[in-house]
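J.: Supplied in structure tokens, the structure appears directly below.
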Amino acid sequence: MPENTPTETPRSGWFLMPMQALVAPLLAMPRVAKRALALLLDSSFCVLTIWLAYCFRLNEWTVLTGVQWLPVVVSLCMALPIFIVMGMYRAIFRYANMAAFITVLKAIAIYGVAFMTIFTALSVPGVPRTVGILQPFLLLIAIGLSRLSIRYWLGDAYQRILHKNMLAKVLIYGAGTAGRQLAGALINSAELNVVGYLDDDPRLKGGVMGGLPIYDPSDLPVLAESLGVHNVLLALPSASRQRRNEILEHIRKARVNVRTLPDLTALAQGRIAVSDIRELEIEDLLGREAVAPRQELLDKSMRNKVVMVTGAGGSIGGELCRQILRTGPSSLILIDQNEFALYNIHAELQKLAELYKYENMQIVPILCSVRDQDRMEHVMQSWRPQTLYHAAAYKHVPLVEHNAVEGIKNNVMGTLVAARAANKCGVSNFVLISTDKAVRPTNVMGASKRLAEMVLQALAAESATDRMRTNFSMVRFGNVLGSSGSVVPLFRQQIKDGGPVTLTHPDITRYFMTISEASQLVIQAGAMAEGGDVFLLDMGEPVRIADLARKMVELSGLAVRDEDNPEGDIELSVTGLRPGEKLFEELLIGDNPETTEHPRIMKAREDFLSWPELSRRLNALNAVLDRNDMIAARATLAELVSGYSSTGEVSDLAFTGAEPIRLPQTIQSTL
């Protein structure tokens, strides 16, 4: 029999589903039918108790014959009219209380007096007198117990059904193993009521599994309205990203909230709990398959080596640390100037090391600013890292735009200090985490990251003189889904708050990559570095942010409110481009990037200044920064970075207060 046969039932709820399937039709019967059923039940008790009375009197199991059937006829003709007149069938059995039981007692008492008068006091030949005494007592016990049983059975079942009907109704997409386990886990859920499955398998459509019907996914829009379903749970942990995206595109039309099971881990362990249900994975919004990493490249610069990560407490640095730890370095040195962030990532990595049973691995948290040259050199001399990933940077465009001096100091001078310390202490590989905003930048953050790239390119070119012992490289990629400041968590929160979802421009597009995929590609790119390489990550097609926002709204079971749908739920509000923000991002300054041995990693050859020339200009820039001269700093940055031009107006909030400084319109790159 195939795995997904409709006869299978979730283990944890195998006994509840058949009971619910039996009780629900009884509760749904019309009142007249319920009364007729009760009359039939009491009639059966009359016959049964007459027979039992004969058996008790004769002290053997007997078959009624001849005149012995007379008490049966009399019992039915007397009991049922008395019961009806006394109102025994007006009460709702599932709500039967003490008053109802007193009514039963009175009715049977009246019946018993009449029955005993006929068959005990007056007597009927062939019918033992004791039958007239025993039968009313047996009938009282039978009817009393039946009412008590029905009260608790139907009453509790009714409360369960009523409670279930008040819960959010859900359909489970996928009637396979994960779907069945999920349905079982939700049997006693206080939040969700599973009303059926959706499955594409033609063998399952129209079937019933564990008391739950299996529907065709194409009927979802109709089902959502007819069943009152507002939630769909994806139980497809092994489906490809392409298949999941196809399903999500179809579900968007039904205006239901979509949630999912994360992966195969819980399924492999034979357990799925309600807590495993979560919001859609960020990867589900990406629209393409993540690229599986090449293990040999991950191991090359990691396994059994000392690895250092600056900015380890940040979103990118933290994920780099997680990926690095999984490859098994001998020591992992964490550098960050944020105490709380460093504490969190250190605690998390220690637990991860215990999980992977890396008992001898050293995870070392060091509070340090990358601009502190003495401290950086001391740390590197003490721990002798072989590979260093430089992720310490200020990356939020508007913040850096309004704190330009500090942004340049950290992103440029911090990189220079870390690179010099690495070279001095014999670090074999130095990998800079860069950004697509470094290409023809329109903001300080992008320009500072491009200048940081140029620093490493110039230093790498010096290796020909044998003064450089470190292999410098940089990896440039776009926006990372799920990183701090990412639009996805922002949009998700805005949707929960009822909107509006804010866009800076209706046509703005961005390249996106998941944080784990980006981190893995960074490690692999660094392993291929030969010196001065600018690696570009193939991030697929750019994503229109408005489309991403609309998709998130619709997969939350809501509708976008716009001109075409003025009655929608969530508005998409355009706030205008922020200072330094671009409509479109690029990954390459020049043309014709080179391929590498990895299909998703390319290499660029970007122009840069020689180290003697760049060093002289960096000294001038540093002097300007020391004076906190923001205008001169931006002008020097524009002279150094190809393609950089300011937006013409900016304020450094540390020095200018609330009034913006209007910069000379001529500040732009002259290279």
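Ordering of the structure tokens sets the chain letters (A, B, ...); residue numbers start at 1 within each chain; ligands are numbered from 1 in the order shown.
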Do a neighbour search on Gln362 (chain A) at 8 Å with only C-alpha atoms, toss out local chain neighbours closer than 6 positions, and write the hits as a count of residues only.
T.: 3
J.: Write out as a list in words which residues come within 10 Å of Val553 (chain A) when counting only C-alpha atoms, dropping same-chain ones fewer than 5 positions away.
T.: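 Here the qualifying residues turn out to be Arg252, Arg255, Val256, Asn257, Phe491, Arg492, Gln494, Ile495, Lys496, Gly499, Val501, Asp547, Leu548, Leu558, Ala559, Val560, Asp569, Ile570, Glu571 and Leu572 of chain A.
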J.: Save out the residues we just selected, N, CA and C atoms, as a short mmCIF file (atom, residue, chain, number, x, y, z; two decimals), in the first residue's frame.
T.:
```cif
data_model
loop_
_atom_site.label_atom_id
_atom_site.label_comp_id
_atom_site.auth_asym_id
_atom_site.auth_seq_id
_atom_site.Cartn_x
_atom_site.Cartn_y
_atom_site.Cartn_z
N ARG A 252 -1.62 32.16 -2.76
CA ARG A 252 -1.81 33.61 -2.63
C ARG A 252 -3.20 34.05 -3.06
N ARG A 255 -6.25 34.05 -0.21
CA ARG A 255 -6.27 34.95 0.93
C ARG A 255 -6.32 34.19 2.25
N VAL A 256 -5.36 33.33 2.45
CA VAL A 256 -5.20 32.60 3.70
C VAL A 256 -3.80 32.85 4.24
N ASN A 257 -3.67 32.74 5.56
CA ASN A 257 -2.37 32.89 6.20
C ASN A 257 -1.61 31.57 6.07
N PHE A 491 8.76 44.31 7.29
CA PHE A 491 7.45 44.15 6.66
C PHE A 491 6.55 43.25 7.51
N ARG A 492 7.12 42.18 8.05
CA ARG A 492 6.32 41.23 8.84
C ARG A 492 5.72 41.93 10.05
N GLN A 494 5.17 45.19 10.36
CA GLN A 494 4.19 46.17 9.89
C GLN A 494 2.87 45.51 9.53
N ILE A 495 2.92 44.31 8.98
CA ILE A 495 1.70 43.58 8.65
C ILE A 495 0.97 43.19 9.93
N LYS A 496 1.71 42.73 10.93
CA LYS A 496 1.09 42.37 12.21
C LYS A 496 0.44 43.58 12.86
N GLY A 499 -0.45 47.53 9.23
CA GLY A 499 0.03 48.39 8.17
C GLY A 499 0.15 49.83 8.61
N VAL A 501 2.53 49.05 5.10
CA VAL A 501 3.86 48.55 4.77
C VAL A 501 4.55 49.66 3.98
N ASP A 547 6.83 43.99 -4.97
CA ASP A 547 6.31 42.64 -5.19
C ASP A 547 6.53 41.77 -3.96
N LEU A 548 7.68 41.93 -3.31
CA LEU A 548 7.96 41.18 -2.09
C LEU A 548 6.96 41.55 -1.00
N LEU A 558 -4.19 38.31 3.94
CA LEU A 558 -4.76 39.65 3.81
C LEU A 558 -4.68 40.12 2.36
N ALA A 559 -5.30 41.25 2.09
CA ALA A 559 -5.28 41.81 0.74
C ALA A 559 -4.67 43.20 0.79
N VAL A 560 -3.98 43.54 -0.29
CA VAL A 560 -3.38 44.88 -0.38
C VAL A 560 -4.46 45.89 -0.72
N ASP A 569 -6.89 45.20 3.09
CA ASP A 569 -6.53 45.25 4.51
C ASP A 569 -5.29 46.09 4.79
N ILE A 570 -4.26 45.94 3.97
CA ILE A 570 -2.96 46.57 4.24
C ILE A 570 -2.58 47.48 3.08
N GLU A 571 -2.23 48.69 3.41
CA GLU A 571 -1.81 49.65 2.39
C GLU A 571 -0.30 49.60 2.21
N LEU A 572 0.14 49.75 0.96
CA LEU A 572 1.56 49.90 0.66
C LEU A 572 1.83 51.40 0.52
#
```
J.: Leaving out Leu80 (chain A) and any residue of its chain fewer than 6 positions from it, which residues lie within 8 Å of it when counting only C-alpha atoms, given as a PyMOL selection string?
T.: chain A and resi 39+42-43
J.: Excluding same-chain residues fewer than 6 positions from Glu597 (chain A), what lies within 12 Å of it counting only C-alpha atoms, as a PyMOL selection string?
T.: chain A and resi 294+297+524-525+527-529+603
J.: For Val73 (chain A), find every residue with an atom within 12 Å (counting only C-alpha atoms), except residues of its own chain fewer than 2 positions away, and show them as a short mmCIF file (atom, residue, chain, number, x, y, z; two decimals) with all heavy atoms, in the first residue's frame.
T.:
```cif
data_model
loop_
_atom_site.label_atom_id
_atom_site.label_comp_id
_atom_site.auth_asym_id
_atom_site.auth_seq_id
_atom_site.Cartn_x
_atom_site.Cartn_y
_atom_site.Cartn_z
N SER A 43 -37.76 2.27 24.65
CA SER A 43 -38.53 1.08 24.30
C SER A 43 -37.66 -0.16 24.41
O SER A 43 -38.11 -1.22 24.92
CB SER A 43 -39.09 1.21 22.88
OG SER A 43 -39.94 2.33 22.77
N SER A 44 -36.45 -0.06 23.94
CA SER A 44 -35.52 -1.18 24.03
C SER A 44 -35.25 -1.54 25.49
O SER A 44 -35.16 -2.73 25.84
CB SER A 44 -34.20 -0.85 23.33
OG SER A 44 -34.41 -0.52 21.99
N CYS A 46 -37.31 -1.12 27.96
CA CYS A 46 -38.49 -1.80 28.48
C CYS A 46 -38.43 -3.30 28.17
O CYS A 46 -38.69 -4.16 29.03
CB CYS A 46 -39.77 -1.20 27.89
SG CYS A 46 -40.16 0.46 28.53
N VAL A 47 -38.12 -3.63 26.92
CA VAL A 47 -38.05 -5.03 26.51
C VAL A 47 -36.90 -5.73 27.24
O VAL A 47 -37.06 -6.85 27.76
CB VAL A 47 -37.86 -5.13 24.99
CG1 VAL A 47 -37.69 -6.59 24.56
CG2 VAL A 47 -39.03 -4.49 24.27
N ILE A 50 -37.65 -6.41 31.02
CA ILE A 50 -38.63 -7.49 31.21
C ILE A 50 -37.91 -8.84 31.10
O ILE A 50 -38.10 -9.74 31.93
CB ILE A 50 -39.76 -7.41 30.17
CG1 ILE A 50 -40.63 -6.15 30.40
CG2 ILE A 50 -40.62 -8.67 30.17
CD1 ILE A 50 -41.48 -6.20 31.62
N VAL A 67 -47.45 -16.28 26.94
CA VAL A 67 -47.94 -15.23 27.81
C VAL A 67 -46.82 -14.39 28.41
O VAL A 67 -47.05 -13.28 28.91
CB VAL A 67 -48.81 -15.86 28.94
CG1 VAL A 67 -47.93 -16.60 29.97
CG2 VAL A 67 -49.68 -14.80 29.64
N GLN A 68 -45.59 -14.89 28.36
CA GLN A 68 -44.46 -14.13 28.91
C GLN A 68 -44.22 -12.81 28.15
O GLN A 68 -43.58 -11.89 28.66
CB GLN A 68 -43.18 -14.97 28.87
CG GLN A 68 -43.22 -16.16 29.82
CD GLN A 68 -41.97 -17.02 29.71
OE1 GLN A 68 -41.34 -17.08 28.65
NE2 GLN A 68 -41.63 -17.69 30.80
N TRP A 69 -44.77 -12.72 26.95
CA TRP A 69 -44.62 -11.47 26.18
C TRP A 69 -45.63 -10.40 26.61
O TRP A 69 -45.51 -9.23 26.23
CB TRP A 69 -44.80 -11.74 24.68
CG TRP A 69 -43.57 -12.33 24.05
CD1 TRP A 69 -43.32 -13.63 23.78
CD2 TRP A 69 -42.42 -11.60 23.63
NE1 TRP A 69 -42.09 -13.80 23.21
CE2 TRP A 69 -41.50 -12.54 23.10
CE3 TRP A 69 -42.08 -10.26 23.65
CZ2 TRP A 69 -40.27 -12.19 22.60
CZ3 TRP A 69 -40.84 -9.89 23.15
CH2 TRP A 69 -39.94 -10.84 22.64
N LEU A 70 -46.63 -10.80 27.39
CA LEU A 70 -47.64 -9.84 27.81
C LEU A 70 -47.06 -8.67 28.60
O LEU A 70 -47.42 -7.51 28.34
CB LEU A 70 -48.73 -10.56 28.65
CG LEU A 70 -49.87 -9.65 29.16
CD1 LEU A 70 -50.62 -9.03 27.99
CD2 LEU A 70 -50.82 -10.46 30.06
N PRO A 71 -46.15 -8.91 29.56
CA PRO A 71 -45.56 -7.76 30.28
C PRO A 71 -44.82 -6.80 29.34
O PRO A 71 -44.77 -5.59 29.61
CB PRO A 71 -44.60 -8.42 31.27
CG PRO A 71 -45.13 -9.79 31.47
CD PRO A 71 -45.70 -10.20 30.14
N SER A 75 -45.77 -3.01 29.27
CA SER A 75 -44.71 -2.04 29.64
C SER A 75 -44.59 -0.94 28.59
O SER A 75 -44.53 0.24 28.93
CB SER A 75 -43.38 -2.77 29.79
OG SER A 75 -42.35 -1.86 30.08
N LEU A 76 -44.60 -1.33 27.33
CA LEU A 76 -44.47 -0.34 26.25
C LEU A 76 -45.69 0.58 26.21
O LEU A 76 -45.57 1.80 26.03
CB LEU A 76 -44.30 -1.04 24.90
CG LEU A 76 -42.97 -1.78 24.69
CD1 LEU A 76 -43.01 -2.58 23.40
CD2 LEU A 76 -41.81 -0.79 24.66
N CYS A 77 -46.89 -0.02 26.38
CA CYS A 77 -48.11 0.79 26.29
C CYS A 77 -48.28 1.72 27.48
O CYS A 77 -48.92 2.78 27.37
CB CYS A 77 -49.34 -0.15 26.21
SG CYS A 77 -49.41 -1.07 24.66
N MET A 78 -47.69 1.37 28.62
CA MET A 78 -47.81 2.22 29.80
C MET A 78 -46.64 3.20 29.93
O MET A 78 -46.84 4.38 30.24
CB MET A 78 -47.87 1.34 31.07
CG MET A 78 -49.13 0.53 31.20
SD MET A 78 -49.10 -0.54 32.65
CE MET A 78 -48.87 0.66 33.94
N ALA A 79 -45.41 2.72 29.72
CA ALA A 79 -44.22 3.53 30.02
C ALA A 79 -44.09 4.72 29.07
O ALA A 79 -43.88 5.87 29.52
CB ALA A 79 -42.97 2.66 29.96
N LEU A 80 -44.22 4.48 27.79
CA LEU A 80 -43.93 5.55 26.83
C LEU A 80 -44.91 6.72 26.96
O LEU A 80 -44.48 7.89 26.97
CB LEU A 80 -43.94 4.99 25.40
CG LEU A 80 -42.84 3.94 25.11
CD1 LEU A 80 -42.91 3.48 23.67
CD2 LEU A 80 -41.47 4.47 25.46
N PHE A 115 -47.52 -0.81 36.98
CA PHE A 115 -47.04 -2.11 36.50
C PHE A 115 -47.13 -3.16 37.61
O PHE A 115 -47.55 -4.30 37.37
CB PHE A 115 -45.60 -1.96 36.01
CG PHE A 115 -45.10 -3.14 35.23
CD1 PHE A 115 -45.41 -3.31 33.90
CD2 PHE A 115 -44.32 -4.11 35.86
CE1 PHE A 115 -44.95 -4.41 33.19
CE2 PHE A 115 -43.86 -5.21 35.16
CZ PHE A 115 -44.17 -5.35 33.81
#
```
J.: Show which residues sit within 12 Å of Phe340 (chain A), as a VMD selection string. Count only C-alpha atoms, and ignore same-chain residues fewer than 6 positions away.
T.: chain A and resid 312 to 314 346 to 347 365 to 367
J.: Hey, which of A:Asn479, A:Ser123, A:Asn304, A:Gln181 ends up closest to Ala518 (chain A)? Count only C-alpha atoms.
T.: A:Asn479
J.: Of the candidates A:Val480, A:Val131, A:Ala421, A:Met630, which one gets nearest to Ile316 (chain A) if we count only C-alpha atoms?
T.: A:Val480
